[in-house]
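**Student:** Got a structure for you, start_12.csv, holding CSV, C-alpha atoms.
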chain,number,residue,atom,x,y,z
N,1,MET,CA,-10.8,81.3,-17.7
N,2,SER,CA,-12.5,77.9,-18.2
N,3,LYS,CA,-14.2,77.1,-21.5
N,4,PRO,CA,-17.9,76.5,-21.8
N,5,THR,CA,-18.9,72.8,-21.9
N,6,ALA,CA,-20.4,70.9,-24.8
N,7,ASN,CA,-22.2,67.6,-25.2
N,8,LEU,CA,-22.0,65.9,-28.7
N,9,TYR,CA,-24.6,63.6,-30.1
N,10,ILE,CA,-23.5,61.7,-33.2
N,11,ASP,CA,-25.9,60.1,-35.7
N,12,GLY,CA,-23.6,57.3,-36.7
N,13,PHE,CA,-25.6,56.1,-39.7
N,14,ASN,CA,-25.9,59.6,-41.1
N,15,LEU,CA,-22.2,60.3,-40.6
N,16,TYR,CA,-21.4,57.0,-42.4
N,17,ARG,CA,-23.7,57.6,-45.4
N,18,ARG,CA,-22.8,61.3,-45.8
N,19,LEU,CA,-19.1,61.1,-45.3
N,20,LEU,CA,-17.3,58.0,-44.0
N,21,GLN,CA,-18.6,55.7,-46.8
N,22,ARG,CA,-16.4,57.5,-49.3
N,23,HIS,CA,-13.4,57.6,-47.0
N,24,PRO,CA,-12.9,54.1,-45.6
N,25,GLN,CA,-9.3,55.0,-44.5
N,26,ASP,CA,-10.9,57.3,-41.9
N,27,LYS,CA,-13.5,55.0,-40.3
N,28,TRP,CA,-11.2,54.2,-37.3
N,29,LEU,CA,-12.4,57.5,-36.0
N,30,ASP,CA,-11.6,58.9,-32.5
N,31,LEU,CA,-14.9,60.6,-31.6
N,32,GLU,CA,-13.5,62.5,-28.6
N,33,ALA,CA,-10.6,63.8,-30.7
N,34,LEU,CA,-13.1,64.8,-33.4
N,35,ALA,CA,-15.2,66.7,-30.9
N,36,GLU,CA,-12.2,68.6,-29.7
N,37,TYR,CA,-11.0,69.2,-33.3
N,38,VAL,CA,-14.3,70.8,-34.5
N,39,LEU,CA,-15.2,72.4,-31.1
N,40,PRO,CA,-11.8,73.7,-29.9
N,41,ASP,CA,-13.4,76.5,-28.0
N,42,TYR,CA,-15.4,74.1,-25.8
N,43,GLU,CA,-14.6,71.6,-23.1
N,44,ILE,CA,-16.1,68.3,-24.2
N,45,ASN,CA,-18.3,67.0,-21.5
N,46,ARG,CA,-19.5,63.8,-23.2
N,47,VAL,CA,-20.0,62.2,-26.6
N,48,ARG,CA,-23.0,60.0,-27.3
N,49,TYR,CA,-22.7,57.8,-30.5
N,50,PHE,CA,-25.9,56.2,-31.9
N,51,THR,CA,-25.7,53.2,-34.3
N,52,ALA,CA,-26.9,49.6,-34.7
N,53,ILE,CA,-25.2,46.3,-34.9
N,54,ILE,CA,-25.1,45.4,-38.6
N,55,LYS,CA,-25.8,41.9,-40.1
N,56,PRO,CA,-24.1,40.2,-43.0
N,57,LEU,CA,-26.0,40.8,-46.2
N,58,PRO,CA,-26.0,38.6,-49.4
N,59,GLY,CA,-23.5,39.9,-51.9
N,60,ALA,CA,-21.8,42.3,-49.4
N,61,ASP,CA,-18.5,42.0,-47.6
N,62,PRO,CA,-19.0,39.3,-44.9
N,63,GLN,CA,-16.3,40.9,-42.8
N,64,SER,CA,-18.2,44.1,-42.3
N,65,PRO,CA,-19.8,43.0,-38.9
N,66,GLN,CA,-16.4,42.0,-37.5
N,67,ARG,CA,-14.9,45.4,-38.4
N,68,GLN,CA,-17.8,47.2,-36.8
N,69,GLN,CA,-17.4,45.1,-33.6
N,70,ALA,CA,-13.7,46.0,-33.5
N,71,TYR,CA,-14.6,49.6,-33.8
N,72,LEU,CA,-17.2,49.5,-31.0
N,73,ARG,CA,-14.6,47.8,-28.8
N,74,ALA,CA,-12.2,50.6,-29.6
N,75,LEU,CA,-14.8,53.3,-28.8
N,76,ALA,CA,-15.5,51.6,-25.4
N,77,THR,CA,-12.0,52.6,-24.3
N,78,LEU,CA,-12.8,56.3,-24.6
N,79,PRO,CA,-13.7,57.7,-21.2
N,80,ARG,CA,-16.2,60.3,-22.3
N,81,THR,CA,-17.9,58.3,-25.1
N,82,SER,CA,-21.0,56.1,-24.8
N,83,VAL,CA,-22.5,53.9,-27.5
N,84,HIS,CA,-26.2,53.6,-27.9
N,85,LEU,CA,-27.5,50.8,-30.1
N,86,GLY,CA,-30.7,50.7,-32.1
N,87,LYS,CA,-31.9,47.7,-34.2
N,88,PHE,CA,-30.7,46.7,-37.7
N,89,ARG,CA,-33.6,45.1,-39.6
N,90,ILE,CA,-33.7,43.2,-42.9
N,91,ASP,CA,-37.3,42.9,-44.1
N,92,PRO,CA,-38.7,41.6,-47.3
N,93,ARG,CA,-40.7,44.3,-49.1
N,94,ILE,CA,-42.6,44.6,-52.4
N,95,MET,CA,-41.5,47.8,-54.1
N,96,PRO,CA,-41.8,49.4,-57.5
N,97,VAL,CA,-38.8,48.9,-59.8
N,98,HIS,CA,-36.6,51.8,-60.8
N,99,PRO,CA,-36.9,53.3,-63.3
N,100,THR,CA,-40.7,52.9,-63.2
N,101,GLU,CA,-42.1,50.3,-65.5
N,102,PHE,CA,-45.8,49.4,-66.2
N,103,ASP,CA,-47.3,46.0,-67.1
N,104,SER,CA,-49.9,45.4,-69.8
N,105,ASP,CA,-52.7,46.5,-67.4
N,106,GLY,CA,-51.0,49.8,-66.7
N,107,ASN,CA,-49.9,48.8,-63.2
N,108,PRO,CA,-46.4,49.6,-61.9
N,109,VAL,CA,-44.1,46.6,-62.1
N,110,THR,CA,-42.9,45.6,-58.6
N,111,ALA,CA,-40.1,43.4,-57.2
N,112,LYS,CA,-39.6,41.7,-53.9
N,113,VAL,CA,-36.5,43.1,-52.2
N,114,LYS,CA,-34.6,43.0,-48.9
N,115,LYS,CA,-34.9,46.4,-47.3
N,116,THR,CA,-32.3,47.2,-44.6
N,117,GLU,CA,-33.2,49.7,-41.9
N,118,GLU,CA,-31.7,51.1,-38.8
N,119,LYS,CA,-34.5,51.5,-36.2
N,120,GLY,CA,-34.5,53.3,-33.0
N,121,SER,CA,-31.3,55.4,-33.2
N,122,ASP,CA,-33.1,58.7,-34.0
N,123,VAL,CA,-35.5,58.2,-31.1
N,124,ALA,CA,-32.6,57.4,-28.8
N,125,LEU,CA,-30.6,60.4,-29.9
N,126,ALA,CA,-33.6,62.7,-29.4
N,127,SER,CA,-34.4,61.2,-26.0
N,128,TYR,CA,-30.8,61.6,-24.6
N,129,LEU,CA,-30.5,65.1,-26.1
N,130,LEU,CA,-33.7,66.2,-24.3
N,131,LEU,CA,-32.8,64.3,-21.1
N,132,ASP,CA,-29.3,65.8,-20.9
N,133,ALA,CA,-30.6,69.3,-21.7
N,134,PHE,CA,-33.3,68.9,-19.0
N,135,LYS,CA,-30.6,68.0,-16.5
N,136,ASP,CA,-28.5,71.0,-17.6
N,137,GLU,CA,-25.4,68.9,-18.2
N,138,ALA,CA,-23.6,71.3,-20.5
N,139,ASP,CA,-23.6,74.9,-21.9
N,140,VAL,CA,-24.4,73.7,-25.5
N,141,TYR,CA,-25.9,70.5,-27.0
N,142,VAL,CA,-24.4,69.7,-30.4
N,143,VAL,CA,-25.9,67.3,-32.8
N,144,SER,CA,-24.0,65.7,-35.7
N,145,THR,CA,-26.5,64.8,-38.4
N,146,ASN,CA,-28.1,65.9,-41.6
N,147,ASP,CA,-31.4,64.2,-40.8
N,148,SER,CA,-34.3,66.6,-40.6
N,149,ASP,CA,-36.2,64.1,-38.3
N,150,LEU,CA,-34.2,65.7,-35.5
N,151,VAL,CA,-35.5,69.2,-36.0
N,152,MET,CA,-38.2,68.8,-33.4
N,153,PRO,CA,-36.0,67.7,-30.5
N,154,MET,CA,-33.4,70.5,-31.4
N,155,ARG,CA,-36.2,73.0,-31.3
N,156,MET,CA,-37.5,71.7,-28.0
N,157,VAL,CA,-34.0,72.0,-26.4
N,158,SER,CA,-33.8,75.6,-27.7
N,159,ASP,CA,-37.3,76.9,-27.4
N,160,ASP,CA,-38.7,75.0,-24.4
N,161,LEU,CA,-35.7,74.2,-22.3
N,162,HIS,CA,-33.8,77.5,-23.3
N,163,ARG,CA,-30.5,75.7,-23.9
N,164,ALA,CA,-28.0,76.5,-26.6
N,165,THR,CA,-27.8,74.0,-29.5
N,166,GLY,CA,-25.2,73.3,-32.2
N,167,LEU,CA,-25.1,71.5,-35.5
N,168,LEU,CA,-22.2,69.6,-37.0
N,169,SER,CA,-22.9,68.9,-40.6
N,170,PRO,CA,-21.2,65.8,-42.2
N,171,MET,CA,-21.3,67.8,-45.5
N,172,GLU,CA,-20.8,71.3,-46.8
N,173,PRO,CA,-22.9,73.9,-45.0
N,174,LYS,CA,-24.6,75.0,-48.2
N,175,ARG,CA,-25.8,71.4,-48.8
N,176,SER,CA,-26.8,70.7,-45.2
N,177,SER,CA,-30.5,70.4,-44.3
N,178,ASN,CA,-32.3,73.7,-44.4
N,179,GLU,CA,-34.8,72.5,-41.8
N,180,LEU,CA,-31.9,71.8,-39.3
N,181,LYS,CA,-30.3,75.2,-40.1
N,182,GLN,CA,-33.6,76.9,-39.5
N,183,THR,CA,-33.5,75.7,-35.8
N,184,ASN,CA,-31.0,78.6,-35.5
N,185,PRO,CA,-28.2,76.6,-33.7
N,186,SER,CA,-25.7,78.7,-31.8
N,187,ILE,CA,-22.9,76.7,-33.6
N,188,HIS,CA,-23.0,75.4,-37.2
N,189,ARG,CA,-19.8,73.8,-38.3
N,190,GLN,CA,-18.8,71.2,-40.9
N,191,ILE,CA,-17.0,67.9,-40.3
N,192,THR,CA,-14.4,67.9,-43.0
N,193,VAL,CA,-12.3,65.1,-44.5
N,194,ALA,CA,-9.3,66.8,-42.9
N,195,ALA,CA,-10.9,66.6,-39.5
N,196,LEU,CA,-11.5,62.8,-40.0
N,197,ALA,CA,-7.9,62.3,-41.0
N,198,ALA,CA,-6.6,64.2,-38.0
N,199,CYS,CA,-8.7,62.3,-35.5
N,200,GLN,CA,-7.9,58.6,-35.9
N,201,LEU,CA,-7.5,56.1,-33.1
N,202,PRO,CA,-4.2,54.3,-32.6
N,203,ASP,CA,-3.8,51.3,-34.9
N,204,VAL,CA,-3.6,49.0,-31.9
N,205,ILE,CA,-5.6,49.5,-28.7
N,206,ASN,CA,-5.6,47.4,-25.5
N,207,ASP,CA,-9.1,47.4,-24.0
N,208,GLY,CA,-8.3,45.2,-21.0
N,209,LYS,CA,-9.6,42.1,-22.7
N,210,GLY,CA,-6.9,42.0,-25.3
N,211,LYS,CA,-5.6,44.0,-28.3
N,212,VAL,CA,-8.0,45.6,-30.8
N,213,HIS,CA,-6.5,46.2,-34.2
N,214,ARG,CA,-7.5,48.7,-36.9
N,215,PRO,CA,-9.1,46.6,-39.7
N,216,SER,CA,-6.8,46.4,-42.7
N,217,LYS,CA,-9.5,47.5,-45.0
N,218,TRP,CA,-9.6,50.8,-43.1
N,219,ARG,CA,-6.0,51.7,-43.7
N,220,LEU,CA,-4.7,54.2,-46.2
N,221,ASN,CA,-4.5,51.6,-49.0
N,222,SER,CA,-8.1,50.6,-48.5
N,223,GLU,CA,-9.9,49.2,-51.5
N,224,GLY,CA,-12.9,51.6,-51.1
N,225,PRO,CA,-16.3,51.8,-49.6
N,226,ASP,CA,-18.3,48.7,-48.6
N,227,LEU,CA,-21.8,47.9,-49.8
N,228,SER,CA,-23.5,46.8,-46.6
N,229,GLU,CA,-24.7,49.3,-44.1
N,230,PRO,CA,-25.4,51.1,-41.7
N,231,SER,CA,-22.9,53.0,-39.6
N,232,ASN,CA,-19.2,52.2,-39.4
N,233,GLN,CA,-18.5,48.9,-41.1
Can you give me the file's structure in the form of structure tokens?

**Tutor:**
Amino acid sequence: MSKPTANLYIDGFNLYRRLLQRHPQDKWLDLEALAEYVLPDYEINRVRYFTAIIKPLPGADPQSPQRQQAYLRALATLPRTSVHLGKFRIDPRIMPVHPTEFDSDGNPVTAKVKKTEEKGSDVALASYLLLDAFKDEADVYVVSTNDSDLVMPMRMVSDDLHRATGLLSPMEPKRSSNELKQTNPSIHRQITVAALAACQLPDVINDGKGKVHRPSKWRLNSEGPDLSEPSNQ
């Protein structure tokens, strides 16, 4: 008897911040293998990965963008995986200092900072989630995130399109977003560190243009997490 099918939608920035940032040795992640590991009772139809091309930041590791480019090249070799890019913005902002301080007039002390943001990925994920569900591509539509901004599209898939949804939390279920859990997904599972370790890409991949190597900083003897962001660095 054939398995039911599943589509997986991965919020790359959220996965990085919630889990991969603390485990750099696991960043060379095979997304299709991960889908099969956490959803062994489903046939994986497709994996959509949402991220943004990062830029070098002052004081951060200047090699982060090169590592991300290597990873995106590696992902492009996976037949069921597609990468969807938002925008990475660095904008000057005036913001209150932390902890809060006040000047002699009682006004909050502010500082000019560089604010980094990933723009467009949530909208793209929601759009493809709804489009694929509308086309009835799979039996269940699974979102990997802890971002409550995705509550509405998950509810629409379930309540309006009458499709089954799933949630893969990049953290312990008891700490995952209550708003997301309240969408009542048919599946709610956790992406564990053990799952990451079991689902790594080969150290060397031939993508037709040449060989793509696992970045040395993402090996088991990695120095630790990077400071620049978002997504896989």

**Student:** Would you pick out the contacts of Arg18 (chain N) at 8 Å or less, using all atoms listed in the file, so that residues sharing its chain but fewer than 4 positions from it are not included, and give the list as a PyMOL selection string?

**Tutor:** chain N and resi 14+170-171

**Student:** Given the choices N:Ala197, N:Ile187, N:Ile94, N:Leu130, which gets closest to Leu220 (chain N) if the distance is worked out from only C-alpha atoms?

**Tutor:**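 Among the listed residues, N:Ala197 lies closest to Leu220 (chain N).
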
**Student:** Compare N:Ala35, N:Leu150, N:Met1, N:Ile10 by their minimum atom-to-atom distance to Phe50 (chain N), counting all atoms listed in the file, and give me the closest one.

**Tutor:**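 Closest to Phe50 (chain N) of all the choices is N:Ile10.
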
**Student:** Excluding Asn184 (chain N) and its own-chain neighbours fewer than 3 positions away, which residues fall within 9 Å of it when counting only C-alpha atoms? Please give them as a PDB file with C-alpha atoms, in the coordinates of the input.

**Tutor:**
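As written to disk, part_10.pdb reads:
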ATOM      1  CA  ARG N 155     -36.200  73.000 -31.300  1.00  0.00           C
ATOM      2  CA  SER N 158     -33.800  75.600 -27.700  1.00  0.00           C
ATOM      3  CA  THR N 165     -27.800  74.000 -29.500  1.00  0.00           C
ATOM      4  CA  GLY N 166     -25.200  73.300 -32.200  1.00  0.00           C
ATOM      5  CA  LEU N 180     -31.900  71.800 -39.300  1.00  0.00           C
ATOM      6  CA  LYS N 181     -30.300  75.200 -40.100  1.00  0.00           C
ATOM      7  CA  ILE N 187     -22.900  76.700 -33.600  1.00  0.00           C
ATOM      8  CA  HIS N 188     -23.000  75.400 -37.200  1.00  0.00           C
TER       9      HIS N 188
END

**Student:** Please compute the CA of Arg80 (chain N)-CA of Ala195 (chain N) distance, one decimal, in Å.

**Tutor:** 19.1 Å

**Student:** Let me make sure I understand: among N:Leu131, N:Met95, N:Ala111, N:Ala70, which one has the smallest atom-to-atom distance to Arg214 (chain N) if we use all atoms listed in the file?

**Tutor:**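 The answer is N:Ala70, which sits nearest to Arg214 (chain N).
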